[in-house]
>>> print(open('my_file-v9.cif').read())   # mmCIF, C-alpha atoms
data_final
#
loop_
_atom_site.label_atom_id
_atom_site.label_comp_id
_atom_site.auth_asym_id
_atom_site.auth_seq_id
_atom_site.Cartn_x
_atom_site.Cartn_y
_atom_site.Cartn_z
CA MET A 2 -2.61 26.13 -20.55
CA ILE A 3 0.22 25.20 -22.84
CA LEU A 4 0.66 21.72 -24.33
CA ASP A 5 3.77 20.89 -26.33
CA SER A 6 6.73 18.58 -26.80
CA LEU A 7 9.81 19.12 -24.67
CA ALA A 8 11.77 19.29 -27.94
CA ASN A 9 10.10 22.71 -28.50
CA ARG A 10 10.94 24.09 -25.05
CA SER A 11 13.07 27.00 -26.30
CA GLN A 12 9.94 28.58 -27.83
CA TYR A 13 8.81 29.47 -24.29
CA ASP A 14 12.03 31.10 -23.02
CA ALA A 15 10.55 34.62 -22.94
CA LEU A 16 7.29 33.60 -21.24
CA HIS A 17 8.50 33.53 -17.62
CA PRO A 18 12.00 33.04 -16.18
CA GLY A 19 10.84 30.16 -13.98
CA ILE A 20 9.14 28.36 -16.86
CA ARG A 21 12.33 28.74 -18.91
CA LEU A 22 14.34 27.27 -16.01
CA ALA A 23 11.83 24.44 -15.48
CA LEU A 24 11.81 23.42 -19.14
CA GLU A 25 15.59 23.63 -19.42
CA HIS A 26 15.91 21.54 -16.26
CA LEU A 27 13.54 18.90 -17.65
CA GLY A 28 15.46 18.85 -20.91
CA THR A 29 18.83 18.31 -19.23
CA THR A 30 18.03 16.15 -16.20
CA ASP A 31 17.51 12.39 -16.36
CA TYR A 32 14.72 11.43 -13.95
CA SER A 33 14.24 7.95 -15.41
CA HIS A 34 15.80 6.22 -12.37
CA ALA A 35 15.21 8.88 -9.70
CA ALA A 36 13.22 7.94 -6.62
CA PRO A 37 9.77 9.53 -6.34
CA GLY A 38 9.88 12.73 -4.30
CA ARG A 39 10.91 16.38 -4.33
CA TYR A 40 14.08 17.71 -5.98
CA THR A 41 15.36 21.26 -5.61
CA VAL A 42 16.01 23.30 -8.75
CA ASP A 43 16.02 26.86 -7.30
CA GLY A 44 14.99 26.61 -3.65
CA ASP A 45 11.26 27.19 -3.16
CA ASN A 46 11.11 29.20 -6.39
CA VAL A 47 11.40 26.19 -8.69
CA PHE A 48 11.34 22.55 -7.59
CA ALA A 49 10.53 19.21 -9.19
CA ILE A 50 8.34 16.39 -7.88
CA VAL A 51 8.75 12.91 -9.37
CA ASN A 52 5.53 10.85 -9.38
CA ASP A 53 4.78 7.25 -10.43
CA TYR A 54 1.12 6.18 -10.72
CA THR A 55 -1.69 4.63 -12.69
CA PRO A 56 -4.07 7.20 -14.24
CA LYS A 57 -7.30 7.53 -12.26
CA ASP A 58 -10.96 7.67 -13.29
CA ARG A 59 -12.00 11.20 -14.23
CA HIS A 60 -15.44 10.65 -12.68
CA THR A 61 -13.93 10.32 -9.20
CA ALA A 62 -10.82 12.50 -9.51
CA PRO A 63 -11.05 16.15 -8.44
CA PHE A 64 -10.07 19.19 -10.44
CA GLU A 65 -7.46 21.40 -8.78
CA ILE A 66 -6.25 24.98 -8.78
CA HIS A 67 -3.14 26.74 -7.49
CA LYS A 68 -2.66 30.42 -6.62
CA ASN A 69 1.07 30.87 -6.13
CA TYR A 70 2.70 28.29 -8.39
CA ILE A 71 2.59 27.43 -12.08
CA ASP A 72 2.60 23.68 -12.80
CA VAL A 73 4.92 22.44 -15.54
CA GLN A 74 3.92 18.78 -15.88
CA PHE A 75 6.18 16.56 -17.98
CA VAL A 76 5.28 12.97 -18.83
CA LEU A 77 8.52 11.02 -18.93
CA CYS A 78 6.99 7.58 -19.40
CA GLY A 79 3.47 6.48 -20.25
CA GLU A 80 0.36 8.38 -21.30
CA GLU A 81 -2.47 10.16 -19.53
CA GLN A 82 -5.24 12.63 -20.11
CA CYS A 83 -5.55 16.06 -18.50
CA GLY A 84 -8.73 18.05 -18.20
CA VAL A 85 -8.65 21.84 -18.16
CA LEU A 86 -11.04 24.77 -18.10
CA PRO A 87 -10.77 28.43 -17.11
CA LEU A 88 -11.30 29.45 -13.50
CA ALA A 89 -13.55 32.38 -14.49
CA GLU A 90 -15.84 33.10 -11.51
CA ARG A 91 -15.90 29.53 -10.18
CA GLN A 92 -15.21 28.91 -6.50
CA PRO A 93 -13.45 25.75 -5.27
CA ASP A 94 -15.35 23.15 -3.26
CA THR A 95 -12.60 22.93 -0.65
CA VAL A 96 -10.92 25.64 1.37
CA TYR A 97 -7.68 26.80 -0.21
CA ASN A 98 -4.69 25.21 1.55
CA ALA A 99 -1.98 27.89 1.47
CA GLU A 100 0.75 25.51 2.65
CA ARG A 101 0.09 23.13 -0.27
CA ASP A 102 -1.06 25.92 -2.67
CA PHE A 103 -4.06 23.80 -3.50
CA ALA A 104 -7.86 23.80 -3.64
CA GLU A 105 -10.20 21.24 -5.22
CA PHE A 106 -13.31 21.27 -7.35
CA HIS A 107 -15.63 18.26 -7.45
CA SER A 108 -15.42 16.78 -10.91
CA ALA A 109 -19.06 16.00 -11.74
CA PRO A 110 -20.32 19.56 -12.35
CA LEU A 111 -17.25 20.48 -14.44
CA LEU A 112 -16.70 17.34 -16.54
CA ALA A 113 -19.01 18.42 -19.35
CA GLN A 114 -17.32 21.84 -19.54
CA ALA A 115 -13.71 20.68 -19.47
CA ASN A 116 -11.49 19.96 -22.44
CA PHE A 117 -9.44 16.77 -22.12
CA VAL A 118 -6.13 16.37 -23.92
CA THR A 119 -3.82 13.37 -24.17
CA VAL A 120 -0.29 13.87 -22.90
CA THR A 121 2.22 11.28 -24.05
CA ALA A 122 5.85 10.63 -23.13
CA GLY A 123 8.02 13.60 -24.08
CA MET A 124 5.20 16.13 -23.80
CA PHE A 125 4.61 18.79 -21.17
CA ALA A 126 1.60 20.81 -20.04
CA VAL A 127 1.79 24.17 -18.28
CA PHE A 128 -1.09 25.09 -15.99
CA PHE A 129 -1.34 28.67 -14.77
CA PRO A 130 -3.26 29.89 -11.68
CA GLY A 131 -6.27 30.64 -13.91
CA ASP A 132 -6.42 27.04 -15.15
CA ILE A 133 -8.60 24.55 -13.32
CA HIS A 134 -6.99 21.24 -14.17
CA MET A 135 -7.39 17.51 -13.64
CA PRO A 136 -4.11 15.78 -14.50
CA GLY A 137 -3.34 12.09 -14.43
CA VAL A 138 -6.59 10.60 -15.62
CA ALA A 139 -7.53 7.65 -17.83
CA PRO A 140 -7.63 6.59 -20.51
CA GLY A 141 -3.92 6.27 -20.45
CA SER A 142 -1.23 3.72 -19.86
CA GLU A 143 -1.08 1.41 -16.86
CA TYR A 144 2.01 3.24 -15.58
CA VAL A 145 2.97 6.90 -15.75
CA ARG A 146 6.14 8.58 -14.57
CA LYS A 147 5.59 12.31 -14.45
CA ILE A 148 7.75 15.15 -13.22
CA VAL A 149 5.82 18.18 -11.99
CA VAL A 150 7.96 21.29 -11.75
CA LYS A 151 6.42 23.91 -9.49
CA VAL A 152 7.31 27.47 -10.53
CA LYS A 153 6.62 30.39 -8.20
CA CYS A 154 4.53 32.96 -10.07
CA ASN A 155 6.25 36.09 -8.74
CA LEU A 156 9.94 35.46 -9.43
#
>>> encode(input="my_file-v9.cif", output="structure tokens")
Amino acid sequence: MILDSLANRSQYDALHPGIRLALEHLGTTDYSHAAPGRYTVDGDNVFAIVNDYTPKDRHTAPFEIHKNYIDVQFVLCGEEQCGVLPLAERQPDTVYNAERDFAEFHSAPLLAQANFVTVTAGMFAVFFPGDIHMPGVAPGSEYVRKIVVKVKCNL
């Protein structure tokens, strides 16, 4: 996991070409008035999803994992917490959905092991396939606008 301010995005240019593209896109695209939904950046290789929501309770929210995409999550407006811990040998509680690149872990057994960080407006978090993560949880603001840029791992 990486947590930083979008102002520092150039520090990650050499990490992965898709992450570089995602961060540059976030730094040069105004999503403040965009409708929630999916926006193409580079076909299915890199695309953005605009979300508006109220952070949820971490005791009822699931953790998630992805296999084929890296999540670059940018908080445009508001504040939330994100939980994260390494996948290690853990197995998800749901069957992996290849179409959505998604599997879930029930939160209760992992809450005590996870590290929670606060992500405020202007910050981004990068979650790799080895990162079990629970984004969008309280405490936070009543309203969050977040752009999640999905980056295909094998570009």
>>> atom_distance(input="my_file-v9.cif", atom1="CA of Ala115 (chain A)", atom2="CA of Leu77 (chain A)")
24.2 Å
>>> resolve_selection(input="my_file-v9.cif", expression="the PyMOL selection byres ((chain A and resi 20-37) around 7)", output="PyMOL selection string")
chain A and resi 7+10+13-14+17-19+38+51-53+150+152
>>> closest_residue(input="my_file-v9.cif", among="A:Asp5, A:Asp72, A:Asp94, A:Asp102", to="Thr119 (chain A)", atoms="all atoms listed in the file")
A:Asp5
>>> resolve_selection(input="my_file-v9.cif", expression="the PyMOL selection byres ((chain A and resi 80-91) around 9)", output="number ranges by chain")
A: 2, 55-56, 59, 64, 66, 76-79, 92-93, 111-112, 114-122, 126, 128, 130-146
>>> resolve_selection(input="my_file-v9.cif", expression="the PyMOL selection byres ((chain A and resi 154) around 8)", output="list of chain:residue names")
A:Gly19, A:Asn69, A:Tyr70, A:Ile71, A:Val152, A:Lys153, A:Asn155, A:Leu156
>>> atom_distance(input="my_file-v9.cif", atom1="CA of Asn46 (chain A)", atom2="CA of Val149 (chain A)")
13.4 Å
>>> closest_residue(input="my_file-v9.cif", among="A:Lys151, A:Lys57, A:His67, A:Arg39", to="Phe106 (chain A)", atoms="all atoms listed in the file")
A:His67
>>> closest_residue(input="my_file-v9.cif", among="A:Gln12, A:Ser108, A:Gln74, A:Thr95", to="Ile148 (chain A)", atoms="only C-alpha atoms")
A:Gln74
>>> closest_residue(input="my_file-v9.cif", among="A:Met124, A:Ala109, A:Val42, A:Ala104", to="Ala8 (chain A)", atoms="all atoms listed in the file")
A:Met124
>>> closest_residue(input="my_file-v9.cif", among="A:Ala62, A:Val127, A:Val73, A:Val47", to="Glu105 (chain A)", atoms="only C-alpha atoms")
A:Ala62
>>> atom_distance(input="my_file-v9.cif", atom1="CA of Ala113 (chain A)", atom2="CA of Leu4 (chain A)")
20.6 Å
>>> closest_residue(input="my_file-v9.cif", among="A:Phe129, A:Thr61, A:Leu16, A:Tyr54", to="Pro110 (chain A)", atoms="all atoms listed in the file")
A:Thr61
>>> build_atoms(input="my_file-v9.cif", residues="region 35-46 of chain A", atoms="all heavy atoms", output="short mmCIF file (atom, residue, chain, number, x, y, z; two decimals), in the frame of the given file")
data_model
loop_
_atom_site.label_atom_id
_atom_site.label_comp_id
_atom_site.auth_asym_id
_atom_site.auth_seq_id
_atom_site.Cartn_x
_atom_site.Cartn_y
_atom_site.Cartn_z
N ALA A 35 15.28 8.14 -10.97
CA ALA A 35 15.21 8.88 -9.70
C ALA A 35 14.07 8.34 -8.84
O ALA A 35 13.03 7.91 -9.35
CB ALA A 35 14.98 10.36 -9.98
N ALA A 36 14.28 8.36 -7.55
CA ALA A 36 13.22 7.94 -6.62
C ALA A 36 12.11 8.98 -6.63
O ALA A 36 12.37 10.18 -6.81
CB ALA A 36 13.80 7.81 -5.22
N PRO A 37 10.86 8.56 -6.47
CA PRO A 37 9.77 9.53 -6.34
C PRO A 37 10.05 10.49 -5.17
O PRO A 37 10.63 10.09 -4.17
CB PRO A 37 8.54 8.67 -6.07
CG PRO A 37 8.88 7.35 -6.68
CD PRO A 37 10.37 7.18 -6.44
N GLY A 38 9.67 11.73 -5.35
CA GLY A 38 9.88 12.73 -4.30
C GLY A 38 10.23 14.08 -4.88
O GLY A 38 10.15 14.32 -6.08
N ARG A 39 10.62 14.98 -3.98
CA ARG A 39 10.91 16.38 -4.33
C ARG A 39 12.40 16.59 -4.57
O ARG A 39 13.24 16.06 -3.81
CB ARG A 39 10.44 17.28 -3.20
CG ARG A 39 10.69 18.76 -3.46
CD ARG A 39 10.15 19.62 -2.35
NE ARG A 39 10.71 20.96 -2.44
CZ ARG A 39 10.11 22.04 -2.02
NH1 ARG A 39 8.92 21.97 -1.45
NH2 ARG A 39 10.69 23.21 -2.14
N TYR A 40 12.71 17.38 -5.62
CA TYR A 40 14.08 17.71 -5.98
C TYR A 40 14.19 19.22 -6.16
O TYR A 40 13.38 19.83 -6.87
CB TYR A 40 14.49 17.00 -7.29
CG TYR A 40 14.54 15.50 -7.12
CD1 TYR A 40 13.39 14.72 -7.22
CD2 TYR A 40 15.75 14.88 -6.84
CE1 TYR A 40 13.44 13.35 -7.05
CE2 TYR A 40 15.80 13.50 -6.66
CZ TYR A 40 14.65 12.75 -6.77
OH TYR A 40 14.70 11.39 -6.59
N THR A 41 15.17 19.82 -5.54
CA THR A 41 15.36 21.26 -5.61
C THR A 41 15.99 21.66 -6.94
O THR A 41 16.96 21.04 -7.39
CB THR A 41 16.26 21.74 -4.45
OG1 THR A 41 15.61 21.40 -3.22
CG2 THR A 41 16.49 23.23 -4.50
N VAL A 42 15.43 22.70 -7.54
CA VAL A 42 16.01 23.30 -8.75
C VAL A 42 16.52 24.70 -8.39
O VAL A 42 17.67 25.03 -8.64
CB VAL A 42 14.98 23.37 -9.90
CG1 VAL A 42 15.58 24.03 -11.13
CG2 VAL A 42 14.46 21.97 -10.24
N ASP A 43 15.67 25.51 -7.77
CA ASP A 43 16.02 26.86 -7.30
C ASP A 43 15.26 27.13 -6.00
O ASP A 43 14.30 27.92 -5.99
CB ASP A 43 15.71 27.90 -8.36
CG ASP A 43 16.04 29.33 -7.93
OD1 ASP A 43 16.87 29.50 -7.02
OD2 ASP A 43 15.45 30.26 -8.48
N GLY A 44 15.64 26.43 -4.95
CA GLY A 44 14.99 26.61 -3.65
C GLY A 44 13.49 26.37 -3.73
O GLY A 44 13.03 25.42 -4.36
N ASP A 45 12.72 27.27 -3.09
CA ASP A 45 11.26 27.19 -3.16
C ASP A 45 10.70 27.90 -4.38
O ASP A 45 9.50 27.88 -4.61
CB ASP A 45 10.63 27.79 -1.89
CG ASP A 45 10.79 26.87 -0.69
OD1 ASP A 45 10.94 25.65 -0.89
OD2 ASP A 45 10.76 27.38 0.44
N ASN A 46 11.57 28.52 -5.18
CA ASN A 46 11.11 29.20 -6.39
C ASN A 46 10.77 28.22 -7.51
O ASN A 46 9.79 28.40 -8.22
CB ASN A 46 12.17 30.19 -6.90
CG ASN A 46 12.35 31.36 -5.98
OD1 ASN A 46 11.40 31.84 -5.37
ND2 ASN A 46 13.58 31.82 -5.85
#
